[in-house]
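As provided, run16.txt (compact mmCIF, C-alpha atoms) reads as follows.
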```txt
# COMPACT_ATOMS: atom_id res chain seq x y z
CA MET A 166 6.34 -2.22 26.48
CA LEU A 167 8.76 -4.73 27.98
CA ARG A 168 9.79 -2.62 30.95
CA ARG A 169 7.41 -4.17 33.46
CA PRO A 170 8.23 -7.87 32.83
CA LEU A 171 11.90 -6.91 32.62
CA LEU A 172 11.85 -5.14 35.97
CA THR A 173 9.98 -8.07 37.49
CA ALA A 174 12.52 -10.52 36.15
CA THR A 175 15.38 -8.31 37.37
CA LYS A 176 13.94 -8.17 40.88
CA ARG A 177 13.71 -11.95 40.88
CA GLY A 178 17.41 -12.19 40.11
CA ALA A 179 17.62 -12.22 36.31
CA SER A 180 21.19 -11.49 35.19
CA LEU A 181 22.12 -8.14 33.66
CA LEU A 182 24.21 -7.70 30.53
CA PRO A 183 27.84 -6.74 31.04
CA ARG A 184 28.95 -3.96 28.72
CA ASP A 185 31.55 -6.10 26.97
CA ASP A 186 28.80 -8.54 25.86
CA ALA A 187 26.53 -5.87 24.35
CA THR A 188 28.21 -5.74 20.95
CA LYS A 189 28.17 -9.53 20.64
CA VAL A 190 24.47 -9.87 21.42
CA ALA A 191 23.54 -6.82 19.36
CA ALA A 192 25.22 -8.35 16.34
CA ALA A 193 23.15 -11.50 16.80
CA ALA A 194 20.06 -9.28 16.87
CA GLY A 195 20.90 -7.81 13.49
CA GLY A 196 23.61 -5.27 14.10
CA ALA A 197 21.85 -2.93 16.53
CA PRO A 198 20.78 -3.34 20.18
CA SER A 199 17.15 -4.35 20.50
CA MET A 200 14.57 -2.71 22.79
CA LEU A 201 15.22 -5.39 25.37
CA LEU A 202 18.99 -4.91 25.33
CA ALA A 203 18.52 -1.15 25.59
CA GLU A 204 16.42 -1.69 28.69
CA LEU A 205 19.06 -4.00 30.15
CA ARG A 206 21.77 -1.42 29.54
CA ARG A 207 19.70 1.39 31.03
CA HIS A 208 19.36 -0.45 34.32
CA GLN A 209 23.08 -1.23 34.50
CA THR A 210 24.73 1.98 35.71
CA SER A 211 28.11 0.44 36.51
CA PRO A 212 29.87 -2.91 36.16
CA ALA A 213 28.74 -5.20 38.95
CA VAL A 214 31.14 -7.47 40.75
CA GLY A 215 30.08 -11.11 40.62
CA VAL A 216 27.17 -10.50 38.22
CA ASP A 217 26.90 -13.15 35.51
CA LYS A 218 26.28 -12.22 31.89
CA VAL A 219 22.77 -12.33 30.50
CA LYS A 220 21.96 -15.80 29.19
CA THR A 221 20.75 -16.26 25.61
CA LEU A 222 19.55 -19.13 23.44
CA ASP A 223 23.17 -20.22 22.92
CA ASP A 224 23.53 -20.80 26.68
CA LEU A 225 20.40 -22.93 26.94
CA GLY A 226 20.93 -26.67 27.25
CA GLY A 227 19.12 -29.40 25.37
CA PRO A 228 19.53 -32.34 22.97
CA SER A 229 21.27 -31.96 19.63
CA PHE A 230 19.49 -32.71 16.36
CA LEU A 231 21.11 -36.17 16.19
CA THR A 232 20.13 -36.87 19.78
CA THR A 233 16.55 -35.81 19.00
CA LEU A 234 16.47 -38.17 16.00
CA ASN A 235 17.72 -40.96 18.27
CA TRP A 236 14.92 -40.30 20.76
CA LEU A 237 12.25 -40.06 18.06
CA PHE A 238 13.11 -43.00 15.82
CA LEU A 239 15.47 -45.38 17.61
CA LYS A 240 13.96 -45.10 21.08
CA GLY A 241 10.45 -44.98 19.60
CA TYR A 242 9.13 -41.65 20.86
CA PHE A 243 7.91 -40.47 17.44
CA LYS A 244 4.34 -41.49 18.28
CA LYS A 245 4.47 -40.46 21.95
CA THR A 246 6.03 -37.02 21.93
CA GLN A 247 4.17 -36.08 25.11
CA GLN A 248 6.21 -38.72 26.96
CA LEU A 249 9.37 -37.41 25.30
CA GLN A 250 8.66 -34.01 26.83
CA ILE A 251 8.42 -35.60 30.26
CA GLU A 252 11.74 -37.40 29.76
CA HIS A 253 13.49 -34.27 28.55
CA ARG A 254 12.09 -32.17 31.40
CA ASN A 255 13.51 -34.68 33.86
CA ILE A 256 16.92 -34.39 32.15
CA TYR A 257 17.16 -30.67 31.33
CA GLY A 258 14.76 -28.99 33.76
CA PRO A 259 11.73 -26.77 33.03
CA ILE A 260 13.33 -24.92 30.09
CA TRP A 261 15.50 -26.37 27.31
CA LYS A 262 16.01 -26.09 23.57
CA SER A 263 15.45 -28.74 20.92
CA LYS A 264 16.51 -28.90 17.28
CA TYR A 265 14.22 -30.32 14.61
CA GLY A 266 16.18 -30.00 11.40
CA PRO A 267 16.40 -26.26 10.64
CA LEU A 268 13.97 -25.40 13.44
CA VAL A 269 15.24 -24.55 16.93
CA VAL A 270 12.55 -24.32 19.61
CA VAL A 271 12.59 -23.33 23.26
CA ASN A 272 10.66 -25.84 25.39
CA VAL A 273 8.91 -24.32 28.41
CA ALA A 274 7.43 -26.78 30.90
CA SER A 275 6.32 -25.00 34.04
CA ALA A 276 3.31 -22.80 34.74
CA ASP A 277 5.44 -19.81 35.81
CA LEU A 278 7.56 -19.86 32.66
CA ILE A 279 4.54 -20.39 30.42
CA GLU A 280 2.97 -17.30 31.99
CA GLN A 281 6.12 -15.32 31.18
CA VAL A 282 5.92 -16.36 27.52
CA LEU A 283 2.21 -15.59 27.13
CA ARG A 284 2.41 -12.20 28.86
CA GLN A 285 5.04 -11.04 26.40
CA GLU A 286 3.40 -12.11 23.13
CA GLY A 287 2.20 -9.43 20.76
CA LYS A 288 -1.26 -8.26 19.80
CA TYR A 289 -1.94 -11.28 17.60
CA PRO A 290 -0.76 -14.67 18.96
CA VAL A 291 1.34 -16.67 16.53
CA ARG A 292 1.11 -20.32 17.53
CA SER A 293 3.44 -21.64 14.86
CA GLN A 294 4.66 -20.53 11.48
CA MET A 295 3.71 -23.98 10.09
CA PRO A 296 5.95 -23.46 7.01
CA HIS A 297 5.04 -26.79 5.37
CA TRP A 298 1.27 -26.17 5.63
CA ARG A 299 1.64 -22.59 4.43
CA SER A 300 3.96 -23.62 1.58
CA TYR A 301 1.35 -26.03 0.23
CA ARG A 302 -1.27 -23.29 0.16
CA GLU A 303 1.10 -20.93 -1.63
CA LEU A 304 2.03 -23.68 -4.09
CA ARG A 305 -1.62 -24.38 -4.95
CA SER A 306 -2.95 -20.83 -4.47
CA LYS A 307 -5.20 -21.88 -1.59
CA SER A 308 -6.42 -19.55 1.14
CA HIS A 309 -5.07 -19.84 4.64
CA GLY A 310 -7.46 -20.85 7.41
CA PRO A 311 -7.51 -20.30 11.19
CA LEU A 312 -4.58 -22.68 11.70
CA THR A 313 -2.23 -21.19 9.09
CA GLU A 314 -3.18 -17.51 8.77
CA LEU A 315 -1.23 -14.92 10.76
CA GLY A 316 -1.67 -11.46 12.28
CA ALA A 317 -4.63 -9.25 11.49
CA LYS A 318 -5.84 -11.63 8.77
CA TRP A 319 -6.01 -14.41 11.36
CA GLN A 320 -8.01 -12.14 13.66
CA ARG A 321 -10.48 -11.38 10.88
CA ILE A 322 -11.01 -15.08 10.09
CA ARG A 323 -11.51 -16.01 13.73
CA SER A 324 -13.97 -13.16 14.27
CA ILE A 325 -16.10 -14.57 11.44
CA LEU A 326 -15.80 -18.27 12.32
CA ASN A 327 -16.01 -18.14 16.11
CA PRO A 328 -19.58 -16.99 16.82
CA ARG A 329 -21.29 -19.93 15.11
CA MET A 330 -18.73 -22.37 16.48
CA LEU A 331 -18.17 -21.25 20.08
CA LYS A 332 -21.20 -19.32 21.35
CA PRO A 333 -23.53 -21.66 23.30
CA VAL A 334 -26.66 -20.20 21.72
CA HIS A 335 -25.41 -21.23 18.28
CA VAL A 336 -23.74 -24.47 19.34
CA SER A 337 -27.01 -25.68 20.83
CA SER A 338 -28.59 -25.46 17.37
CA TYR A 339 -26.45 -28.43 16.29
CA THR A 340 -28.01 -30.70 18.96
CA ASN A 341 -30.36 -32.59 16.64
CA THR A 342 -27.68 -33.00 13.98
CA LEU A 343 -25.20 -34.50 16.44
CA ASN A 344 -27.85 -36.62 18.17
CA ASP A 345 -28.62 -38.26 14.81
CA VAL A 346 -24.93 -39.16 14.46
CA VAL A 347 -24.80 -40.47 18.05
CA THR A 348 -27.87 -42.64 17.46
CA ASP A 349 -26.33 -44.10 14.31
CA PHE A 350 -23.04 -44.68 16.15
CA ILE A 351 -24.77 -46.63 18.94
CA GLU A 352 -26.52 -48.77 16.35
CA ARG A 353 -23.22 -49.38 14.54
CA ILE A 354 -21.48 -50.41 17.77
CA SER A 355 -24.33 -52.82 18.54
CA TRP A 356 -24.01 -54.29 15.05
CA LEU A 357 -20.23 -54.63 15.37
CA ARG A 358 -20.62 -56.44 18.70
CA ALA A 359 -23.23 -58.78 17.33
CA THR A 360 -21.09 -59.68 14.33
CA GLY A 361 -17.76 -59.71 16.21
CA ASP A 362 -15.96 -62.28 18.33
CA GLN A 363 -18.42 -64.09 20.61
CA GLY A 364 -20.93 -61.26 20.18
CA ILE A 365 -19.10 -59.11 22.76
CA THR A 366 -15.94 -57.49 21.42
CA VAL A 367 -15.74 -54.43 19.20
CA ASN A 368 -12.48 -54.64 17.33
CA ASP A 369 -10.59 -51.37 16.75
CA LEU A 370 -12.81 -49.17 18.91
CA THR A 371 -10.33 -46.31 18.41
CA GLY A 372 -10.93 -46.47 14.67
CA GLU A 373 -14.68 -46.48 15.19
CA LEU A 374 -14.48 -43.42 17.43
CA TYR A 375 -12.41 -41.69 14.75
CA LYS A 376 -15.17 -42.39 12.20
CA PHE A 377 -17.77 -41.14 14.66
CA ALA A 378 -15.88 -37.87 15.22
CA PHE A 379 -15.35 -37.46 11.48
CA GLU A 380 -19.05 -38.00 10.76
CA GLY A 381 -20.04 -35.59 13.51
CA ILE A 382 -17.76 -32.73 12.48
CA CYS A 383 -18.68 -33.12 8.79
CA SER A 384 -22.38 -33.03 9.63
CA VAL A 385 -21.86 -29.70 11.41
CA LEU A 386 -19.31 -28.04 9.11
CA PHE A 387 -20.48 -29.24 5.70
CA GLU A 388 -24.08 -30.07 6.68
CA ALA A 389 -23.57 -33.45 5.02
CA ARG A 390 -23.33 -37.06 6.13
CA MET A 391 -20.28 -39.00 4.91
CA GLY A 392 -21.53 -42.55 5.51
CA CYS A 393 -19.08 -43.43 8.31
CA MET A 394 -21.89 -45.02 10.32
CA ASN A 395 -23.00 -47.31 7.48
CA GLU A 396 -22.28 -51.03 7.70
CA VAL A 397 -20.01 -50.55 4.69
CA VAL A 398 -18.22 -47.20 4.74
CA PRO A 399 -18.03 -45.61 1.25
CA GLU A 400 -14.64 -45.98 -0.41
CA GLU A 401 -14.29 -42.23 -0.99
CA THR A 402 -14.94 -41.56 2.70
CA GLN A 403 -12.34 -44.15 3.72
CA LYS A 404 -9.83 -42.50 1.39
CA PHE A 405 -10.58 -39.09 2.90
CA ILE A 406 -10.10 -40.40 6.44
CA PHE A 407 -6.84 -42.06 5.38
CA SER A 408 -5.66 -38.77 3.85
CA VAL A 409 -6.26 -36.93 7.13
CA GLY A 410 -4.11 -39.48 8.96
CA GLU A 411 -1.40 -39.36 6.28
CA MET A 412 -1.22 -35.57 6.45
CA PHE A 413 -0.60 -35.68 10.21
CA ARG A 414 1.92 -38.51 9.79
CA LEU A 415 3.92 -36.73 7.07
CA SER A 416 3.90 -33.26 8.66
CA PRO A 417 6.62 -33.89 11.29
CA ILE A 418 8.77 -35.72 8.72
CA VAL A 419 8.72 -32.90 6.15
CA VAL A 420 9.51 -30.19 8.68
CA LEU A 421 12.72 -32.00 9.73
CA PHE A 422 14.33 -30.95 6.44
CA PRO A 423 15.28 -27.46 5.18
CA LYS A 424 12.66 -26.03 2.81
CA VAL A 425 15.10 -26.05 -0.11
CA PHE A 426 15.11 -29.88 -0.06
CA TRP A 427 11.31 -30.32 0.06
CA PRO A 428 10.69 -30.58 -3.72
CA TYR A 429 13.07 -33.57 -3.85
CA LEU A 430 11.59 -35.48 -0.90
CA PRO A 431 9.15 -38.36 -1.51
CA ALA A 432 7.48 -37.36 1.77
CA TRP A 433 6.82 -33.84 0.42
CA LYS A 434 5.29 -35.19 -2.77
CA GLN A 435 3.02 -37.46 -0.72
CA PHE A 436 2.24 -34.53 1.58
CA VAL A 437 1.15 -32.37 -1.39
CA ALA A 438 -0.92 -35.20 -2.89
CA THR A 439 -2.65 -35.74 0.46
CA TRP A 440 -3.57 -32.08 0.77
CA ASP A 441 -4.75 -32.08 -2.84
CA HIS A 442 -7.22 -34.83 -2.01
CA LEU A 443 -8.44 -33.13 1.18
CA PHE A 444 -9.10 -29.87 -0.61
CA SER A 445 -10.73 -31.67 -3.54
CA VAL A 446 -13.28 -33.42 -1.31
CA ALA A 447 -13.95 -30.26 0.69
CA GLU A 448 -14.44 -28.29 -2.52
CA ASP A 449 -16.98 -30.83 -3.78
CA LEU A 450 -18.95 -30.55 -0.52
CA VAL A 451 -18.93 -26.75 -0.63
CA LYS A 452 -20.02 -26.72 -4.29
CA LYS A 453 -22.82 -29.16 -3.50
CA LYS A 454 -24.13 -26.88 -0.76
CA MET A 455 -23.91 -23.84 -3.07
CA GLU A 456 -25.98 -25.69 -5.68
CA GLU A 457 -28.59 -26.57 -3.06
CA ILE A 458 -28.84 -22.94 -1.97
CA GLN A 459 -29.11 -21.75 -5.58
CA GLN A 460 -31.86 -24.27 -6.27
CA ASP A 461 -33.83 -23.09 -3.22
CA VAL A 462 -33.47 -19.48 -4.34
CA GLU A 463 -34.63 -20.25 -7.87
CA THR A 464 -37.71 -22.12 -6.61
CA ASN A 465 -38.52 -19.42 -4.03
CA LYS A 466 -37.95 -21.79 -1.12
CA GLU A 467 -36.71 -20.55 2.23
CA VAL A 468 -32.99 -21.20 2.47
CA GLU A 469 -32.30 -23.35 5.51
CA GLY A 470 -29.00 -24.56 6.83
CA ALA A 471 -26.41 -24.24 9.54
CA TYR A 472 -22.70 -23.47 9.60
CA LEU A 473 -21.71 -23.66 5.94
CA THR A 474 -24.95 -22.09 4.77
CA HIS A 475 -24.41 -19.16 7.14
CA LEU A 476 -20.88 -18.57 5.82
CA LEU A 477 -21.95 -18.74 2.20
CA LEU A 478 -24.86 -16.34 2.69
CA SER A 479 -23.08 -13.84 4.93
CA ASP A 480 -20.70 -12.60 2.20
CA GLN A 481 -18.05 -12.03 4.87
CA MET A 482 -15.67 -14.49 3.23
CA THR A 483 -14.98 -15.51 -0.35
CA VAL A 484 -15.64 -19.10 -1.39
CA THR A 485 -11.88 -19.69 -1.55
CA GLU A 486 -11.49 -18.42 2.04
CA ILE A 487 -14.40 -20.58 3.21
CA LEU A 488 -12.82 -23.63 1.59
CA GLY A 489 -9.47 -23.03 3.31
CA SER A 490 -11.09 -22.48 6.71
CA MET A 491 -13.50 -25.42 6.51
CA THR A 492 -10.70 -27.83 5.61
CA GLU A 493 -8.59 -26.73 8.58
CA LEU A 494 -11.54 -26.79 10.99
CA LEU A 495 -12.26 -30.35 9.91
CA LEU A 496 -8.68 -31.38 10.73
CA ALA A 497 -8.89 -29.65 14.10
CA GLY A 498 -12.08 -31.44 15.10
CA VAL A 499 -11.50 -35.11 14.31
CA ASP A 500 -8.45 -36.20 16.31
CA THR A 501 -9.32 -33.97 19.23
CA THR A 502 -12.78 -35.48 19.71
CA SER A 503 -11.91 -39.13 19.12
CA ASN A 504 -8.80 -39.12 21.34
CA THR A 505 -10.63 -37.48 24.23
CA ILE A 506 -13.49 -39.99 24.07
CA SER A 507 -11.03 -42.90 23.79
CA TRP A 508 -9.15 -41.92 26.96
CA ALA A 509 -12.36 -41.13 28.85
CA LEU A 510 -13.76 -44.59 28.08
CA TYR A 511 -10.44 -46.20 29.01
CA HIS A 512 -10.43 -44.65 32.48
CA LEU A 513 -14.13 -45.24 33.03
CA ALA A 514 -13.49 -48.93 32.30
CA LYS A 515 -10.63 -48.97 34.83
CA GLU A 516 -12.62 -47.04 37.47
CA PRO A 517 -16.03 -48.79 37.76
CA GLU A 518 -17.13 -46.65 40.72
CA ILE A 519 -16.64 -43.48 38.64
CA GLN A 520 -18.43 -45.11 35.73
CA THR A 521 -21.38 -45.97 37.98
CA LYS A 522 -21.56 -42.45 39.42
CA LEU A 523 -21.52 -40.94 35.93
CA TYR A 524 -24.16 -43.40 34.70
CA ARG A 525 -26.48 -42.48 37.57
CA GLU A 526 -26.12 -38.78 36.83
CA VAL A 527 -26.96 -39.29 33.16
CA ILE A 528 -30.04 -41.45 33.75
CA ASP A 529 -31.29 -39.06 36.45
CA VAL A 530 -31.28 -36.21 33.93
CA CYS A 531 -32.30 -38.32 30.91
CA PRO A 532 -34.31 -41.32 32.13
CA GLY A 533 -35.35 -44.12 29.82
CA ASP A 534 -34.95 -43.41 26.12
CA LYS A 535 -34.91 -39.63 26.48
CA VAL A 536 -32.45 -38.10 24.03
CA PRO A 537 -30.32 -35.44 25.75
CA THR A 538 -30.44 -31.80 24.71
CA SER A 539 -27.92 -29.03 25.25
CA SER A 540 -29.87 -27.86 28.31
CA ASP A 541 -29.63 -31.37 29.79
CA ILE A 542 -25.84 -31.29 29.54
CA SER A 543 -25.75 -28.21 31.77
CA GLN A 544 -27.31 -30.36 34.50
CA MET A 545 -24.49 -32.95 34.35
CA PRO A 546 -21.57 -31.45 36.31
CA TYR A 547 -19.95 -34.85 36.87
CA LEU A 548 -19.90 -35.50 33.12
CA LYS A 549 -18.13 -32.18 32.61
CA ALA A 550 -15.67 -33.10 35.37
CA VAL A 551 -14.85 -36.41 33.68
CA ILE A 552 -14.17 -34.70 30.35
CA ARG A 553 -12.08 -31.95 31.95
CA GLU A 554 -10.01 -34.42 33.91
CA THR A 555 -9.46 -36.46 30.75
CA LEU A 556 -8.26 -33.35 28.92
CA ARG A 557 -5.97 -32.47 31.82
CA LEU A 558 -4.33 -35.89 31.72
CA TYR A 559 -4.34 -36.23 27.94
CA PRO A 560 -4.38 -32.83 26.18
CA VAL A 561 -5.66 -32.99 22.62
CA VAL A 562 -2.23 -31.84 21.41
CA PRO A 563 1.04 -32.65 23.23
CA SER A 564 2.06 -29.00 23.34
CA ASN A 565 1.23 -25.53 22.08
CA ALA A 566 3.58 -23.02 20.52
CA ARG A 567 4.16 -19.30 20.48
CA VAL A 568 6.37 -17.31 18.12
CA THR A 569 7.31 -13.88 19.42
CA VAL A 570 7.16 -11.59 16.39
CA GLU A 571 7.23 -8.04 17.81
CA ASN A 572 9.93 -7.84 20.49
CA ASP A 573 12.64 -9.82 22.22
CA ILE A 574 11.46 -11.45 25.44
CA ILE A 575 13.02 -12.66 28.67
CA VAL A 576 11.94 -16.02 30.09
CA GLY A 577 13.50 -17.79 33.05
CA GLY A 578 16.48 -15.42 32.98
CA TYR A 579 17.18 -16.04 29.27
CA VAL A 580 16.88 -13.38 26.58
CA PHE A 581 15.29 -14.66 23.36
CA GLN A 582 15.20 -12.66 20.15
CA LYS A 583 11.95 -12.12 18.32
CA GLN A 584 10.97 -14.91 15.90
CA THR A 585 11.98 -17.48 18.53
CA THR A 586 9.54 -20.38 18.74
CA SER A 587 8.52 -21.41 22.26
CA LEU A 588 6.94 -24.84 22.75
CA ILE A 589 4.80 -24.62 25.86
CA SER A 590 3.57 -27.62 27.81
CA ASP A 591 3.27 -28.13 31.56
CA ARG A 592 4.81 -31.60 31.78
CA SER A 593 5.92 -31.33 35.39
CA LYS A 594 4.41 -34.71 36.21
CA SER A 595 4.01 -37.91 34.25
CA VAL A 596 0.59 -39.44 33.79
```
Rewrite the coordinates I just gave you, this time as structure tokens.
Amino acid sequence: MLRRPLLTATKRGASLLPRDDATKVAAAAGGAPSMLLAELRRHQTSPAVGVDKVKTLDDLGGPSFLTTLNWLFLKGYFKKTQQLQIEHRNIYGPIWKSKYGPLVVVNVASADLIEQVLRQEGKYPVRSQMPHWRSYRELRSKSHGPLTELGAKWQRIRSILNPRMLKPVHVSSYTNTLNDVVTDFIERISWLRATGDQGITVNDLTGELYKFAFEGICSVLFEARMGCMNEVVPEETQKFIFSVGEMFRLSPIVVLFPKVFWPYLPAWKQFVATWDHLFSVAEDLVKKKMEEIQQDVETNKEVEGAYLTHLLLSDQMTVTEILGSMTELLLAGVDTTSNTISWALYHLAKEPEIQTKLYREVIDVCPGDKVPTSSDISQMPYLKAVIRETLRLYPVVPSNARVTVENDIIVGGYVFQKQTTSLISDRSKSV
């Protein structure tokens, strides 16, 4: 299975394993040579003069755990990890290792090396083991969702969730729902301007965009409005939004420590309490929708609904599985949407000629007070270009990860054992 990428790497000059290193590396692999080492041996018919030994994770450079802590907390990169990747790439090159407590990751930051990682992953991609998220679900007997499930179970969940979330024919059915949220958001922004400083400024626009994204994703997933566009946001909704932020804030702190210490950490206890609240609210929304469906059935009304209704009626997933998936989808949709819009507006404000060109395209397709539909968006190529360029400059997550679970792999001339986590991000240029 690995012969082709191995031969390719060998032709490009990847080092072969001297015989006297085989025992050492095999022991690190668990006492017996792996498939990859067997392949390396097979291609080495005799000791080669001047051939270096095969490089492994131990030979890869990178910051120590203490150095990483210094970068994150003393130098202030904890909230700008994407910039930290750029700095480390400049120091260590396109491939280096980092230590985050018990976790050692291989950072890959060039298109060629990323391709090598992705071409050698197994049948089911493992983005991250996410031990802290998974541990909470095991602690509370919750189902894993698309972000935490692994292997064939992950594939099953995605095959159920994807059609109604990704296929254009289904996505277009959410147009009216999202347009209602957009209309309310525009009215809220107008109200905030009128009641703000000098009738011009909207304070904390980032926070308002976060509320907008939260309201939009909830209206699609749970088929319910949360009141984020009201003049006074409901206290329970504010608490839910705060819990989402706290969960993301606590996640990188918890994972810095070995799992055995988690029960004694205040951060872990807060982390568990935050997830408890998120699941509690999501469970209430799911139960409410189930009651509405039951009432329609009992009164012989036609059952109408969108995403959640479809999942509940399809019988493809249990209610517990639906709850786990809906909660994770909600988390995946809020930050991604609000951050992208924030950066797009920032650059449009700095580039008035681009803003004018985009405005003209929009009003040509939707003149006057015409509310856009999904078919209208297909006629706005410049709008798509603006969003794509924003995502290129500011990806919704600073990096992605892959865990090789089936075989050892070779990347950039280094041999990595299976279960190695690769953090992939093309940070060859700063923004």
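For the residues A:Leu268, A:Ile575, A:Ile487, A:Ile351, ranking by smallest atom-to-atom distance to A:Leu386 using all atoms listed in the file places A:Ile487 first.
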Produce a table with one row for each residue of stretch 473-546 of chain A that has an atom at most 8 Å from any atom of stretch 439-444 of chain A, each row naming the nearest atom pair and its distance in Å at one decimal; use all atoms listed in the file; arrange rows by chain and rising residue number; format as JSON lines.
```
{"residue": "A:Leu488", "atom": "CA", "partner": "A:Phe444", "partner_atom": "CA", "distance": 7.6}
{"residue": "A:Gly489", "atom": "CA", "partner": "A:Phe444", "partner_atom": "CA", "distance": 7.9}
{"residue": "A:Thr492", "atom": "CA", "partner": "A:Phe444", "partner_atom": "CA", "distance": 6.7}
```
Quick one: residues within 9 Å of (5.6, -19.3, 16.6) (file frame), counting only C-alpha atoms, please, as a PDB file with C-alpha atoms, in the frame of the given file.
```pdb
ATOM      1  CA  PRO A 290      -0.760 -14.670  18.960  1.00  0.00           C
ATOM      2  CA  VAL A 291       1.340 -16.670  16.530  1.00  0.00           C
ATOM      3  CA  ARG A 292       1.110 -20.320  17.530  1.00  0.00           C
ATOM      4  CA  SER A 293       3.440 -21.640  14.860  1.00  0.00           C
ATOM      5  CA  GLN A 294       4.660 -20.530  11.480  1.00  0.00           C
ATOM      6  CA  MET A 295       3.710 -23.980  10.090  1.00  0.00           C
ATOM      7  CA  ALA A 566       3.580 -23.020  20.520  1.00  0.00           C
ATOM      8  CA  ARG A 567       4.160 -19.300  20.480  1.00  0.00           C
ATOM      9  CA  VAL A 568       6.370 -17.310  18.120  1.00  0.00           C
ATOM     10  CA  THR A 569       7.310 -13.880  19.420  1.00  0.00           C
ATOM     11  CA  VAL A 570       7.160 -11.590  16.390  1.00  0.00           C
ATOM     12  CA  GLN A 584      10.970 -14.910  15.900  1.00  0.00           C
ATOM     13  CA  THR A 585      11.980 -17.480  18.530  1.00  0.00           C
ATOM     14  CA  THR A 586       9.540 -20.380  18.740  1.00  0.00           C
ATOM     15  CA  SER A 587       8.520 -21.410  22.260  1.00  0.00           C
ATOM     16  CA  LEU A 588       6.940 -24.840  22.750  1.00  0.00           C
TER      17      LEU A 588
END
```
Exercise. For A:Val437, which residue out of A:Val530, A:Ile365, A:Val562, A:Leu304 is the nearest one, using all atoms listed in the file?
Worked result: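 For A:Val437, the nearest of the candidates is A:Leu304.
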Can you build me a table of stretch 236-314 of chain A residues sitting at most 9 Å from stretch 494-499 of chain A, with the closest atom pair per residue and its distance in Å to one decimal, using only C-alpha atoms, sorted by chain and residue number, as a Markdown table?
```
| residue | atom | partner | partner_atom | distance |
| --- | --- | --- | --- | --- |
| A:Gly310 | CA | A:Leu494 | CA | 8.0 |
| A:Pro311 | CA | A:Leu494 | CA | 7.6 |
| A:Leu312 | CA | A:Leu494 | CA | 8.1 |
```
Problem set entry | Close residues, A:Leu415 itself excluded, 10 Å, only C-alpha atoms, min 2 positions apart in chain, as a list in words |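 Contacts, in chain order: Gly410, Glu411, Met412, Phe413, Pro417, Ile418, Val419, Val420, Ala432, Trp433, Gln435, Phe436, Val437 and Thr439 of chain A.
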Problem set entry | Nearest to A:Glu380 by atom-to-atom distance, counting only C-alpha atoms, from A:Asp529, A:Glu396, A:Glu303, A:Asp345 |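 Of the candidates, the smallest distance to A:Glu380 is held by A:Asp345.
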Distance table requested - stretch 339-424 of chain A against stretch 315-333 of chain A, cut-off 12 Å, all atoms listed in the file: one row per qualifying residue with the closest atom pair and its distance in Å to one decimal, ordered by chain and rising residue number, as JSON lines.
```
{"residue": "A:Tyr339", "atom": "CA", "partner": "A:Met330", "partner_atom": "CA", "distance": 9.8}
{"residue": "A:Thr340", "atom": "CA", "partner": "A:Pro333", "partner_atom": "CA", "distance": 11.0}
{"residue": "A:Ile382", "atom": "CA", "partner": "A:Met330", "partner_atom": "CA", "distance": 11.1}
{"residue": "A:Val385", "atom": "CA", "partner": "A:Met330", "partner_atom": "CA", "distance": 9.4}
{"residue": "A:Leu386", "atom": "CA", "partner": "A:Met330", "partner_atom": "CA", "distance": 9.3}
```
Exercise. At what distance in Å, to one decimal, does atom CA of A:Gly226 lie from atom CA of A:Val271?
Worked result: 9.8 Å
List the spatial neighbours of A:Leu343 as a compact mmCIF listing (two decimals) with C-alpha atoms, keeping the file's coordinate frame - criterion: any atom at most 12 Å away, only C-alpha atoms, same-chain residues fewer than 3 positions off excluded.
```
# COMPACT_ATOMS: atom_id res chain seq x y z
CA VAL A 336 -23.74 -24.47 19.34
CA SER A 337 -27.01 -25.68 20.83
CA SER A 338 -28.59 -25.46 17.37
CA TYR A 339 -26.45 -28.43 16.29
CA THR A 340 -28.01 -30.70 18.96
CA VAL A 346 -24.93 -39.16 14.46
CA VAL A 347 -24.80 -40.47 18.05
CA THR A 348 -27.87 -42.64 17.46
CA ASP A 349 -26.33 -44.10 14.31
CA PHE A 350 -23.04 -44.68 16.15
CA PHE A 377 -17.77 -41.14 14.66
CA ALA A 378 -15.88 -37.87 15.22
CA PHE A 379 -15.35 -37.46 11.48
CA GLU A 380 -19.05 -38.00 10.76
CA GLY A 381 -20.04 -35.59 13.51
CA ILE A 382 -17.76 -32.73 12.48
CA CYS A 383 -18.68 -33.12 8.79
CA SER A 384 -22.38 -33.03 9.63
CA VAL A 385 -21.86 -29.70 11.41
CA LEU A 386 -19.31 -28.04 9.11
CA GLU A 388 -24.08 -30.07 6.68
CA ALA A 389 -23.57 -33.45 5.02
CA ARG A 390 -23.33 -37.06 6.13
CA VAL A 536 -32.45 -38.10 24.03
CA PRO A 537 -30.32 -35.44 25.75
CA THR A 538 -30.44 -31.80 24.71
CA SER A 539 -27.92 -29.03 25.25
```
Which centre and which edge lengths, in Å to one decimal, describe the axis-aligned box that holds all listed atoms of stretch 430-443 of chain A after 8 Å is added on each side, as JSON?
```
{"center_x": 1.6, "center_y": -35.2, "center_z": -0.6, "size_x": 36.0, "size_y": 22.3, "size_z": 20.7}
```
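Across A:Val334, A:Asn395, A:Thr342, A:Glu314, the tightest approach to A:Leu357 is made by A:Asn395 when counting all atoms listed in the file.
The space between atom CA of A:Tyr559 and atom CA of A:Val269 spans 25.3 Å.
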